[in-house]
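Below is one structure, written out as structure tokens, with a few remarks after it.
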Amino acid sequence: MTALRKLRAWTGTLHAKFALLLVAACCTVAVVIGVLVHGDVRDQTVQQARAAALAKLDDTTDAYVAGNPLPPCGRLDPPELPAALRDMALRGERGTVLGSFEGRPVMWAARPADGTVLAARADYGQGSETLAGLDHAMVISGGVAIVCALLAGSFAVSRVTRRLRRTAAVARRISTGDLTAGDLTAPDDGPADGNAARGRDEVADVAAALDAMASALQERLRTEQRFTADVAHELRTPLAGLRASADLLPDGRPTELVRDRVHHLCRLTDDLLEISRLDSATERADLDSYLLGPLVRSAARVPGQEAEVHVVRDACVDTDRRRLERVLGNLLLNAHRHGRPPVTLTVDGPVITIRDHGAGYPAYLLDQGPQRFRTEPAAGHKGHGLGLTIAAGQARTIGARLEFSNAPDGGAVSTLTLPPGPA
């Protein structure tokens, strides 16, 4: 079954389809040419054998009319004579037909003679051997030509498919957010020689278009990142003044509301700055060795993100404690804010699982991952803000894998897999 799946996978490639098409085309051309050549040579050999048989029939007729003994090739109503030719002669016609005599192919010629049939034969063995040798030679030469054409065509198409695979790989990297995949228009065989027209084809056009798209997307994302960072920086100064002013207000319910909104705006600004740093890919993890159990218990004791901790199997990992606590804190806050208790946190080796018992993650998040400020009010979800986006970015920074799913019996599940630590 494995070999069959590999064969099906190979036959689905462009290289295999081109090879099969080339073989089919070469076989078709070889068969057409072979049939034409075979037919032409066969006509020539048959015409020569017919002329020889008729000449011997004339000699046999002359001997029969003169009353002389018939030549060895001529006979009266021989039993080996094909029935169709005998009937033709009995109707008063003269004709020829291919047949056999003593196991060898011959050309029979016959004519009427005094109510019987006078026949002569000419050997056709040499002509038959010529046709067989010609067919054998055409089969061998056709096979050699097909193999040579297949090798040459495979070499030519491999250059195209290699460039297409490279283009597809770069497109996949772009789809994952990597817009620095490199220049696709550079030749595969070495540096450019200054001739812009050389190697310019449809594949090169696709590669150039993909390069242009990646450059445009990269520039757009950089512009958005700069805008986000600039807005966050510009907001910090007025927010600092607003916070100071809120602290001077007299105590009371209105003051608490103002201070709460100011605090929320400050936290949102800090989150935007953190996201801009994560997007710039300049963040570097400060790695050290830690036991996960104590670290996770510490993160679960922070007010607002409490959880039941279960350590199935503790592990020592190399990670950035501050960033890991940030990831766990955001996941626990999201579980408390959008899910329902109990919230459990399980450690099983380098794998940390956070689960709540709410409605679970929405379908868009499971399919596309966290999205900033994405909300689905029609589905009953209030949105997930920036917390999960920051958690995913910080997880990438420390080399961890963060996955989102829903439990079969209900509830959102976040699985954080850390890279293995020292043995």
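Residue numbering restarts at 1 for every chain of the structure tokens, chains are lettered A, B, ... in their displayed order, and ligands are numbered from 1 as they appear.
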Within 9 Å of Gly304 in chain A, counting only C-alpha atoms, which residues show up once you throw out same-chain ones fewer than 5 positions away? Write them as a JSON list (two decimals) with all heavy atoms, in the first residue's frame, please.
[["chain", "number", "residue", "atom", "x", "y", "z"],
["A", 332, "LEU", "N", -4.24, 32.04, 30.86],
["A", 332, "LEU", "CA", -5.12, 31.89, 32.03],
["A", 332, "LEU", "C", -6.14, 33.02, 32.12],
["A", 332, "LEU", "O", -7.31, 32.79, 32.43],
["A", 332, "LEU", "CB", -4.27, 31.82, 33.29],
["A", 332, "LEU", "CG", -3.43, 30.55, 33.46],
["A", 332, "LEU", "CD1", -2.47, 30.68, 34.63],
["A", 332, "LEU", "CD2", -4.35, 29.33, 33.65],
["A", 333, "LEU", "N", -5.70, 34.25, 31.83],
["A", 333, "LEU", "CA", -6.65, 35.36, 31.83],
["A", 333, "LEU", "C", -7.73, 35.16, 30.78],
["A", 333, "LEU", "O", -8.92, 35.45, 31.02],
["A", 333, "LEU", "CB", -5.91, 36.67, 31.59],
["A", 333, "LEU", "CG", -5.14, 37.25, 32.77],
["A", 333, "LEU", "CD1", -4.35, 38.48, 32.34],
["A", 333, "LEU", "CD2", -6.08, 37.58, 33.92],
["A", 336, "HIS", "N", -10.22, 32.61, 32.10],
["A", 336, "HIS", "CA", -11.14, 33.17, 33.10],
["A", 336, "HIS", "C", -12.12, 34.16, 32.47],
["A", 336, "HIS", "O", -13.28, 34.23, 32.88],
["A", 336, "HIS", "CB", -10.34, 33.87, 34.20],
["A", 336, "HIS", "CG", -9.71, 32.92, 35.18],
["A", 336, "HIS", "ND1", -10.43, 32.23, 36.11],
["A", 336, "HIS", "CD2", -8.41, 32.54, 35.35],
["A", 336, "HIS", "CE1", -9.62, 31.48, 36.84],
["A", 336, "HIS", "NE2", -8.38, 31.64, 36.39]]
Select from range 16-234 of chain A everything DSSP, run on the backbone, classes as alpha helix (DSSP H), then give the selection as a ChimeraX atom specification.
/A:16-66,83-90,125-175,202-234
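Excluding range 357-362 of chain A itself and same-chain residues fewer than 6 positions from it, the residues having an atom within 7 Å of it are Gly339, Arg340, Pro341, Pro342, Ser405, Asn406, Gly410, Gly411 and Ala412 of chain A, counting only C-alpha atoms.
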Atom-to-atom span, CA of Leu81 in chain A and CA of His38 in chain A, Å
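Answer for the CA of Leu81 in chain A to CA of His38 in chain A separation: 26.6 Å.
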So which bits of range 23-271 of chain A end up strand (DSSP E) when you DSSP the backbone, as a VMD selection string?
chain A and resid 74 to 76 95 to 101 104 to 113 116 to 123
What's around range 30-32 of chain A at 9 Å? Count only C-alpha atoms, leave out sequence neighbours fewer than 5 positions away in its own chain, and write the answer as a VMD selection string.
chain A and resid 25 37 138 to 139 142 to 143 145 to 146
Could you save the residues just selected, with N, CA, C and O atoms, as a PDB file, in the first residue's frame?
ATOM      1  N   ALA A  25       3.437  10.646 -26.730  1.00  0.00           N
ATOM      2  CA  ALA A  25       3.652  11.323 -28.012  1.00  0.00           C
ATOM      3  C   ALA A  25       4.692  10.602 -28.851  1.00  0.00           C
ATOM      4  O   ALA A  25       4.513  10.394 -30.059  1.00  0.00           O
ATOM      5  N   VAL A  37       6.035   3.236 -42.990  1.00  0.00           N
ATOM      6  CA  VAL A  37       7.209   2.607 -43.599  1.00  0.00           C
ATOM      7  C   VAL A  37       6.952   1.133 -43.889  1.00  0.00           C
ATOM      8  O   VAL A  37       7.293   0.609 -44.955  1.00  0.00           O
ATOM      9  N   MET A 138      12.842  -1.162 -36.569  1.00  0.00           N
ATOM     10  CA  MET A 138      12.050   0.014 -36.196  1.00  0.00           C
ATOM     11  C   MET A 138      11.660  -0.024 -34.720  1.00  0.00           C
ATOM     12  O   MET A 138      11.615   1.013 -34.058  1.00  0.00           O
ATOM     13  N   VAL A 139      11.387  -1.218 -34.193  1.00  0.00           N
ATOM     14  CA  VAL A 139      11.056  -1.324 -32.773  1.00  0.00           C
ATOM     15  C   VAL A 139      12.252  -0.917 -31.920  1.00  0.00           C
ATOM     16  O   VAL A 139      12.123  -0.148 -30.953  1.00  0.00           O
ATOM     17  N   GLY A 142      12.931   2.824 -32.471  1.00  0.00           N
ATOM     18  CA  GLY A 142      11.886   3.604 -31.808  1.00  0.00           C
ATOM     19  C   GLY A 142      12.057   3.624 -30.305  1.00  0.00           C
ATOM     20  O   GLY A 142      11.877   4.665 -29.653  1.00  0.00           O
ATOM     21  N   GLY A 143      12.403   2.472 -29.705  1.00  0.00           N
ATOM     22  CA  GLY A 143      12.649   2.433 -28.262  1.00  0.00           C
ATOM     23  C   GLY A 143      13.810   3.309 -27.848  1.00  0.00           C
ATOM     24  O   GLY A 143      13.734   4.042 -26.848  1.00  0.00           O
ATOM     25  N   ALA A 145      14.929   5.909 -29.500  1.00  0.00           N
ATOM     26  CA  ALA A 145      14.525   7.310 -29.682  1.00  0.00           C
ATOM     27  C   ALA A 145      13.631   7.781 -28.540  1.00  0.00           C
ATOM     28  O   ALA A 145      13.756   8.913 -28.060  1.00  0.00           O
ATOM     29  N   ILE A 146      12.724   6.902 -28.080  1.00  0.00           N
ATOM     30  CA  ILE A 146      11.829   7.274 -26.977  1.00  0.00           C
ATOM     31  C   ILE A 146      12.627   7.506 -25.701  1.00  0.00           C
ATOM     32  O   ILE A 146      12.393   8.476 -24.963  1.00  0.00           O
TER      33      ILE A 146
END
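Across the model, the gap from CA of Gln368 in chain A to CA of Leu210 in chain A is 22.4 Å.
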Neighbour list for Asp77 in chain A as a list of chain:residue names, cut-off 12 Å, only C-alpha atoms, skip fewer than 6 positions in-chain
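Answer for this query is A:Ala83, A:Leu85, A:Arg86, A:Asp87, A:Ala89, A:Leu90, A:Trp108, A:Ala109, A:Ala110, A:Arg111, A:Pro112, A:Ala113, A:Asp114, A:Gly115, A:Thr116, A:Val117, A:Leu118, A:Ala119, A:Ala120.
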Per residue of range 330-404 of chain A within 12 Å of range 288-296 of chain A, which atom pair is closest and at what distance in Å (one decimal), using only C-alpha atoms, listed by chain and increasing number, as a Markdown table?
| residue | atom | partner | partner_atom | distance |
| --- | --- | --- | --- | --- |
| A:Leu332 | CA | A:Val296 | CA | 11.1 |
| A:Thr344 | CA | A:Val296 | CA | 11.3 |
| A:Leu345 | CA | A:Val296 | CA | 8.1 |
| A:Thr346 | CA | A:Val296 | CA | 8.9 |
| A:Val347 | CA | A:Gly293 | CA | 6.9 |
| A:Asp348 | CA | A:Leu292 | CA | 9.3 |
| A:Gly349 | CA | A:Leu292 | CA | 8.1 |
| A:Pro350 | CA | A:Leu292 | CA | 7.6 |
| A:Val351 | CA | A:Leu292 | CA | 9.3 |
| A:Ile352 | CA | A:Val296 | CA | 8.6 |
| A:Thr353 | CA | A:Val296 | CA | 10.7 |
| A:Ile354 | CA | A:Val296 | CA | 10.8 |
| A:Ile398 | CA | A:Asp288 | CA | 10.8 |
Selection to disk with N, CA, C and O atoms, as a PDB file, in the first residue's frame:
ATOM      1  N   LEU A 332      -4.243  32.043  30.856  1.00  0.00           N
ATOM      2  CA  LEU A 332      -5.123  31.889  32.025  1.00  0.00           C
ATOM      3  C   LEU A 332      -6.138  33.020  32.116  1.00  0.00           C
ATOM      4  O   LEU A 332      -7.306  32.788  32.434  1.00  0.00           O
ATOM      5  N   THR A 344      -8.056  24.516  34.681  1.00  0.00           N
ATOM      6  CA  THR A 344      -7.009  23.580  35.103  1.00  0.00           C
ATOM      7  C   THR A 344      -5.763  23.791  34.269  1.00  0.00           C
ATOM      8  O   THR A 344      -5.831  24.117  33.071  1.00  0.00           O
ATOM      9  N   LEU A 345      -4.623  23.577  34.906  1.00  0.00           N
ATOM     10  CA  LEU A 345      -3.329  23.724  34.247  1.00  0.00           C
ATOM     11  C   LEU A 345      -2.548  22.437  34.526  1.00  0.00           C
ATOM     12  O   LEU A 345      -2.277  22.108  35.682  1.00  0.00           O
ATOM     13  N   THR A 346      -2.214  21.699  33.463  1.00  0.00           N
ATOM     14  CA  THR A 346      -1.580  20.390  33.594  1.00  0.00           C
ATOM     15  C   THR A 346      -0.188  20.424  32.977  1.00  0.00           C
ATOM     16  O   THR A 346      -0.008  20.935  31.864  1.00  0.00           O
ATOM     17  N   VAL A 347       0.783  19.865  33.725  1.00  0.00           N
ATOM     18  CA  VAL A 347       2.164  19.766  33.241  1.00  0.00           C
ATOM     19  C   VAL A 347       2.468  18.291  33.021  1.00  0.00           C
ATOM     20  O   VAL A 347       2.374  17.472  33.937  1.00  0.00           O
ATOM     21  N   ASP A 348       2.818  17.943  31.794  1.00  0.00           N
ATOM     22  CA  ASP A 348       3.200  16.572  31.452  1.00  0.00           C
ATOM     23  C   ASP A 348       4.486  16.622  30.643  1.00  0.00           C
ATOM     24  O   ASP A 348       4.461  16.742  29.418  1.00  0.00           O
ATOM     25  N   GLY A 349       5.619  16.571  31.350  1.00  0.00           N
ATOM     26  CA  GLY A 349       6.899  16.753  30.677  1.00  0.00           C
ATOM     27  C   GLY A 349       7.031  18.180  30.185  1.00  0.00           C
ATOM     28  O   GLY A 349       6.705  19.136  30.909  1.00  0.00           O
ATOM     29  N   PRO A 350       7.466  18.383  28.934  1.00  0.00           N
ATOM     30  CA  PRO A 350       7.592  19.752  28.408  1.00  0.00           C
ATOM     31  C   PRO A 350       6.287  20.311  27.849  1.00  0.00           C
ATOM     32  O   PRO A 350       6.293  21.358  27.206  1.00  0.00           O
ATOM     33  N   VAL A 351       5.168  19.625  28.080  1.00  0.00           N
ATOM     34  CA  VAL A 351       3.877  20.045  27.534  1.00  0.00           C
ATOM     35  C   VAL A 351       3.011  20.608  28.656  1.00  0.00           C
ATOM     36  O   VAL A 351       2.800  19.950  29.677  1.00  0.00           O
ATOM     37  N   ILE A 352       2.513  21.831  28.448  1.00  0.00           N
ATOM     38  CA  ILE A 352       1.632  22.493  29.409  1.00  0.00           C
ATOM     39  C   ILE A 352       0.270  22.661  28.752  1.00  0.00           C
ATOM     40  O   ILE A 352       0.170  23.188  27.639  1.00  0.00           O
ATOM     41  N   THR A 353      -0.800  22.221  29.445  1.00  0.00           N
ATOM     42  CA  THR A 353      -2.157  22.301  28.911  1.00  0.00           C
ATOM     43  C   THR A 353      -3.018  23.146  29.832  1.00  0.00           C
ATOM     44  O   THR A 353      -3.070  22.909  31.037  1.00  0.00           O
ATOM     45  N   ILE A 354      -3.658  24.163  29.261  1.00  0.00           N
ATOM     46  CA  ILE A 354      -4.588  25.024  30.001  1.00  0.00           C
ATOM     47  C   ILE A 354      -5.985  24.771  29.457  1.00  0.00           C
ATOM     48  O   ILE A 354      -6.209  24.859  28.240  1.00  0.00           O
ATOM     49  N   ILE A 398      10.333  32.121  22.314  1.00  0.00           N
ATOM     50  CA  ILE A 398      11.061  31.160  23.159  1.00  0.00           C
ATOM     51  C   ILE A 398      11.159  29.785  22.500  1.00  0.00           C
ATOM     52  O   ILE A 398      11.609  28.819  23.115  1.00  0.00           O
TER      53      ILE A 398
END
With distances taken over only C-alpha atoms, which of A:Asn334, A:Thr167, A:Thr13, A:Thr319 is nearest to Ala204 in chain A?
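Among the listed residues, the smallest separation from Ala204 in chain A belongs to A:Thr167.
You can rank A:Arg172, A:Arg42, A:Gly95, A:Ile390 by their closest distance to Glu129 in chain A using only C-alpha atoms, and at the top of that list sits A:Arg42.
Atom to atom, CA of Gln394 in chain A and CA of Asp409 in chain A stand 29.2 Å apart.
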Counting only C-alpha atoms, figure out which residue out of A:Gly133, A:Leu242, A:Gly127, A:Pro78 gets nearest to Phe101 in chain A.
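So, comparing all the options, the nearest one is A:Pro78.
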Quick one: everything within 10 Å of Gly99 in chain A, counting only C-alpha atoms, minus sequence neighbours fewer than 2 positions away in the same chain. Send it as a PDB file with C-alpha atoms, in the first residue's frame.
ATOM      1  CA  GLU A  80      -1.705 -25.808 -52.375  1.00  0.00           C
ATOM      2  CA  LEU A  81      -3.297 -23.088 -54.534  1.00  0.00           C
ATOM      3  CA  PRO A  82      -5.475 -20.777 -52.401  1.00  0.00           C
ATOM      4  CA  LEU A  85      -7.305 -17.646 -56.553  1.00  0.00           C
ATOM      5  CA  THR A  96      -2.112 -13.358 -57.905  1.00  0.00           C
ATOM      6  CA  VAL A  97      -2.317 -13.877 -54.175  1.00  0.00           C
ATOM      7  CA  PHE A 101       4.127 -23.819 -50.345  1.00  0.00           C
ATOM      8  CA  GLY A 103       5.858 -24.073 -45.242  1.00  0.00           C
ATOM      9  CA  ARG A 104       7.414 -21.118 -47.058  1.00  0.00           C
ATOM     10  CA  PRO A 105       5.640 -17.937 -48.115  1.00  0.00           C
ATOM     11  CA  VAL A 106       5.162 -17.680 -51.903  1.00  0.00           C
ATOM     12  CA  MET A 107       3.306 -15.513 -54.390  1.00  0.00           C
ATOM     13  CA  TRP A 108       0.863 -17.578 -56.443  1.00  0.00           C
ATOM     14  CA  ARG A 121       4.640 -19.574 -57.856  1.00  0.00           C
ATOM     15  CA  ASP A 123       9.314 -17.316 -53.602  1.00  0.00           C
ATOM     16  CA  TYR A 124       8.321 -14.565 -51.146  1.00  0.00           C
TER      17      TYR A 124
END
